[in-house]
$ cat start_21.csv   # CSV, N, CA and C atoms
chain,number,residue,atom,x,y,z
A,18,MET,N,-108.4,256.8,77.6
A,18,MET,CA,-109.2,257.9,78.1
A,18,MET,C,-109.5,258.9,77.0
A,19,ILE,N,-110.6,259.4,76.9
A,19,ILE,CA,-111.1,260.3,75.9
A,19,ILE,C,-111.3,261.6,76.6
A,20,LEU,N,-110.8,262.7,76.1
A,20,LEU,CA,-110.9,264.0,76.6
A,20,LEU,C,-111.6,264.9,75.6
A,21,TYR,N,-112.9,265.3,75.9
A,21,TYR,CA,-113.6,266.2,75.1
A,21,TYR,C,-113.4,267.6,75.6
A,22,THR,N,-112.9,268.4,74.7
A,22,THR,CA,-112.6,269.8,75.1
A,22,THR,C,-112.6,270.7,73.9
A,23,PRO,N,-113.1,271.9,74.0
A,23,PRO,CA,-113.0,272.9,72.8
A,23,PRO,C,-111.6,273.5,72.7
A,24,MET,N,-110.7,273.2,73.7
A,24,MET,CA,-109.4,273.8,73.7
A,24,MET,C,-108.4,273.1,72.7
A,25,GLN,N,-107.4,273.8,72.3
A,25,GLN,CA,-106.4,273.2,71.4
A,25,GLN,C,-105.6,272.2,72.2
A,26,LEU,N,-105.2,271.1,71.6
A,26,LEU,CA,-104.4,270.1,72.3
A,26,LEU,C,-103.1,270.6,72.9
A,27,GLU,N,-102.5,271.6,72.2
A,27,GLU,CA,-101.3,272.2,72.8
A,27,GLU,C,-101.5,272.9,74.1
A,28,LEU,N,-102.7,273.5,74.3
A,28,LEU,CA,-103.0,274.2,75.5
A,28,LEU,C,-103.3,273.2,76.6
A,29,VAL,N,-103.9,272.1,76.3
A,29,VAL,CA,-104.3,271.1,77.3
A,29,VAL,C,-103.1,270.4,77.8
A,30,LEU,N,-102.1,270.1,76.9
A,30,LEU,CA,-100.9,269.3,77.3
A,30,LEU,C,-99.8,270.2,77.7
A,31,GLU,N,-100.0,271.5,77.7
A,31,GLU,CA,-98.9,272.5,78.0
A,31,GLU,C,-98.3,272.2,79.4
A,32,GLY,N,-97.0,272.1,79.5
A,32,GLY,CA,-96.3,271.9,80.7
A,32,GLY,C,-96.1,270.4,81.1
A,33,LEU,N,-96.7,269.5,80.4
A,33,LEU,CA,-96.6,268.1,80.7
A,33,LEU,C,-95.2,267.6,80.7
A,34,GLU,N,-94.4,268.1,79.8
A,34,GLU,CA,-93.0,267.6,79.7
A,34,GLU,C,-92.2,268.1,80.9
A,35,GLU,N,-92.6,269.2,81.5
A,35,GLU,CA,-91.8,269.8,82.6
A,35,GLU,C,-92.1,269.1,84.0
A,36,GLN,N,-93.1,268.3,84.0
A,36,GLN,CA,-93.4,267.6,85.3
A,36,GLN,C,-92.3,266.6,85.6
A,37,SER,N,-91.8,266.7,86.8
A,37,SER,CA,-90.6,265.9,87.2
A,37,SER,C,-91.1,264.6,87.9
A,38,ASN,N,-90.7,263.4,87.4
A,38,ASN,CA,-91.1,262.2,88.0
A,38,ASN,C,-89.8,261.5,88.5
A,39,ALA,N,-88.8,262.3,88.7
A,39,ALA,CA,-87.4,261.8,89.1
A,39,ALA,C,-87.5,261.0,90.4
A,40,ASN,N,-88.2,261.4,91.4
A,40,ASN,CA,-88.2,260.8,92.7
A,40,ASN,C,-89.4,259.8,92.8
A,41,GLN,N,-90.0,259.4,91.7
A,41,GLN,CA,-91.1,258.4,91.7
A,41,GLN,C,-90.6,257.1,91.2
A,42,ARG,N,-91.2,256.0,91.8
A,42,ARG,CA,-90.8,254.7,91.3
A,42,ARG,C,-92.0,253.8,91.6
A,43,GLU,N,-91.9,252.6,90.9
A,43,GLU,CA,-93.0,251.6,91.1
A,43,GLU,C,-92.6,250.5,92.0
A,44,ILE,N,-93.5,250.1,92.9
A,44,ILE,CA,-93.2,249.0,93.8
A,44,ILE,C,-94.4,248.0,93.7
A,45,ASN,N,-94.1,246.7,93.9
A,45,ASN,CA,-95.2,245.7,93.8
A,45,ASN,C,-95.6,245.3,95.2
A,46,VAL,N,-96.9,245.3,95.4
A,46,VAL,CA,-97.4,244.8,96.7
A,46,VAL,C,-98.5,243.8,96.4
A,47,GLY,N,-98.2,242.6,96.5
A,47,GLY,CA,-99.1,241.5,96.1
A,47,GLY,C,-99.2,241.6,94.6
A,48,ASN,N,-100.5,241.6,94.1
A,48,ASN,CA,-100.7,241.7,92.6
A,48,ASN,C,-100.8,243.2,92.2
A,49,ALA,N,-100.8,244.1,93.1
A,49,ALA,CA,-100.9,245.5,92.8
A,49,ALA,C,-99.6,246.2,92.6
A,50,THR,N,-99.5,247.2,91.7
A,50,THR,CA,-98.4,248.0,91.6
A,50,THR,C,-98.7,249.4,92.0
A,51,LEU,N,-97.8,249.9,92.9
A,51,LEU,CA,-98.0,251.3,93.4
A,51,LEU,C,-96.9,252.2,92.9
A,52,VAL,N,-97.3,253.3,92.4
A,52,VAL,CA,-96.3,254.4,92.1
A,52,VAL,C,-96.2,255.3,93.3
A,53,VAL,N,-95.0,255.3,93.8
A,53,VAL,CA,-94.7,256.0,95.1
A,53,VAL,C,-93.7,257.1,94.9
A,54,GLU,N,-93.8,258.2,95.7
A,54,GLU,CA,-92.8,259.3,95.6
A,54,GLU,C,-92.0,259.2,96.9
A,55,ASP,N,-90.7,259.0,96.7
A,55,ASP,CA,-89.8,258.9,97.8
A,55,ASP,C,-89.7,260.1,98.7
A,56,LYS,N,-89.9,259.9,100.0
A,56,LYS,CA,-89.9,261.0,101.0
A,56,LYS,C,-88.6,261.0,101.9
A,57,GLY,N,-87.8,260.0,101.7
A,57,GLY,CA,-86.6,259.8,102.4
A,57,GLY,C,-86.8,259.0,103.7
A,58,PHE,N,-85.7,258.6,104.3
A,58,PHE,CA,-85.7,257.8,105.5
A,58,PHE,C,-86.6,256.6,105.5
A,59,GLY,N,-86.6,255.9,104.3
A,59,GLY,CA,-87.4,254.7,104.2
A,59,GLY,C,-88.9,254.9,104.1
A,60,ARG,N,-89.3,256.1,103.8
A,60,ARG,CA,-90.8,256.4,103.7
A,60,ARG,C,-91.1,256.8,102.3
A,61,ALA,N,-92.3,256.5,101.9
A,61,ALA,CA,-92.8,257.0,100.5
A,61,ALA,C,-94.3,257.3,100.6
A,62,GLN,N,-94.7,258.1,99.7
A,62,GLN,CA,-96.1,258.4,99.6
A,62,GLN,C,-96.7,257.9,98.3
A,63,VAL,N,-97.9,257.3,98.5
A,63,VAL,CA,-98.5,256.7,97.3
A,63,VAL,C,-99.0,257.8,96.4
A,64,VAL,N,-98.7,257.7,95.1
A,64,VAL,CA,-99.1,258.6,94.1
A,64,VAL,C,-100.2,258.0,93.2
A,65,ARG,N,-100.1,256.7,92.9
A,65,ARG,CA,-101.0,256.1,92.0
A,65,ARG,C,-101.1,254.6,92.2
A,66,LEU,N,-102.2,254.0,92.0
A,66,LEU,CA,-102.4,252.5,92.1
A,66,LEU,C,-102.6,252.0,90.7
A,67,ILE,N,-101.9,250.9,90.4
A,67,ILE,CA,-102.1,250.3,89.1
A,67,ILE,C,-102.5,248.8,89.4
A,68,SER,N,-103.7,248.5,89.1
A,68,SER,CA,-104.2,247.1,89.4
A,68,SER,C,-105.4,246.8,88.6
A,69,THR,N,-105.6,245.5,88.3
A,69,THR,CA,-106.8,245.1,87.6
A,69,THR,C,-107.8,244.5,88.5
A,70,ASP,N,-107.5,244.4,89.8
A,70,ASP,CA,-108.4,243.9,90.8
A,70,ASP,C,-109.2,245.1,91.4
A,71,PRO,N,-110.5,245.2,91.3
A,71,PRO,CA,-111.3,246.3,91.9
A,71,PRO,C,-111.2,246.3,93.4
A,72,GLN,N,-110.9,245.2,94.0
A,72,GLN,CA,-110.8,245.2,95.5
A,72,GLN,C,-109.6,246.1,96.0
A,73,ASP,N,-108.6,246.1,95.2
A,73,ASP,CA,-107.4,246.9,95.5
A,73,ASP,C,-107.7,248.4,95.7
A,74,TYR,N,-108.6,248.9,94.9
A,74,TYR,CA,-109.0,250.3,94.9
A,74,TYR,C,-109.8,250.6,96.2
A,75,LEU,N,-110.4,249.6,96.8
A,75,LEU,CA,-111.1,249.8,98.1
A,75,LEU,C,-110.2,249.7,99.3
A,76,ASN,N,-109.0,249.3,99.1
A,76,ASN,CA,-108.0,249.1,100.2
A,76,ASN,C,-107.5,250.5,100.6
A,77,PRO,N,-107.7,251.0,101.8
A,77,PRO,CA,-107.2,252.3,102.2
A,77,PRO,C,-105.7,252.4,102.3
A,78,ASP,N,-105.0,251.3,102.4
A,78,ASP,CA,-103.5,251.3,102.4
A,78,ASP,C,-103.0,251.7,101.0
A,79,PHE,N,-103.7,251.6,100.0
A,79,PHE,CA,-103.3,251.9,98.6
A,79,PHE,C,-103.8,253.2,98.1
A,80,ALA,N,-104.5,254.0,99.0
A,80,ALA,CA,-105.1,255.3,98.6
A,80,ALA,C,-104.0,256.3,98.3
A,81,PRO,N,-104.1,257.1,97.3
A,81,PRO,CA,-103.1,258.2,97.1
A,81,PRO,C,-103.0,259.1,98.3
A,82,GLY,N,-101.8,259.4,98.6
A,82,GLY,CA,-101.5,260.3,99.8
A,82,GLY,C,-101.1,259.5,101.0
A,83,THR,N,-101.3,258.2,101.0
A,83,THR,CA,-101.0,257.3,102.1
A,83,THR,C,-99.5,257.1,102.2
A,84,GLU,N,-98.9,257.2,103.4
A,84,GLU,CA,-97.5,256.9,103.5
A,84,GLU,C,-97.3,255.5,103.7
A,85,VAL,N,-96.2,254.9,103.1
A,85,VAL,CA,-95.8,253.5,103.2
A,85,VAL,C,-94.4,253.5,103.6
A,86,GLN,N,-94.0,252.4,104.3
A,86,GLN,CA,-92.6,252.1,104.6
A,86,GLN,C,-92.0,251.3,103.5
A,87,LEU,N,-90.8,251.6,103.1
A,87,LEU,CA,-90.1,250.9,102.0
A,87,LEU,C,-89.1,249.9,102.6

$ encode --input "start_21.csv" --output "structure tokens"
Amino acid sequence: MILYTPMQLELVLEGLEEQSNANQREINVGNATLVVEDKGFGRAQVVRLISTDPQDYLNPDFAPGTEVQL
């Protein structure tokens, strides 16, 4: 990814280290990898989809914000 900005890099990336990914993990569903945030009681919310198949991005079950059962 290329980011064109007149701002200093330090300002753009400020606070990046402080973001907590402690309750996120990757799960595999078919050929796709989902980054999910654990919500407890066997539920998780999709944060990100990692896939090389364009059809996976059209699947509403893989959309960010969707709840999945673990």

$ closest_residue --input "start_21.csv" --among "A:Thr83, A:Gln41, A:Tyr21, A:Glu31" --to "Gln62 in chain A" --atoms "only N, CA and C atoms"
A:Thr83

$ select_by_dssp --input "start_21.csv" --residues "chain A" --states "strand (DSSP E)" --output "list in words"
Gln41, Arg42, Glu43, Ile44, Asn45, Val46, Ala49, Thr50, Leu51, Val52, Val53, Glu54, Asp55, Lys56, Gly57, Arg60, Ala61, Gln62, Val63, Val64, Arg65, Leu66, Ile67, Glu84, Val85 and Gln86 of chain A

$ closest_residue --input "start_21.csv" --among "A:Ile44, A:Val85, A:Val52, A:Met18" --to "Val64 in chain A" --atoms "all atoms listed in the file"
A:Val52

$ atom_distance --input "start_21.csv" --atom1 "CA of Asp73 in chain A" --atom2 "CA of Val53 in chain A"
15.6 Å

$ closest_residue --input "start_21.csv" --among "A:Ile19, A:Val46, A:Glu27, A:Leu87" --to "Phe58 in chain A" --atoms "all atoms listed in the file"
A:Leu87

$ atom_distance --input "start_21.csv" --atom1 "CA of Ala61 in chain A" --atom2 "CA of Arg42 in chain A"
9.7 Å

$ atom_distance --input "start_21.csv" --atom1 "atom N of Asn40 in chain A" --atom2 "CA of Asp78 in chain A"
21.4 Å
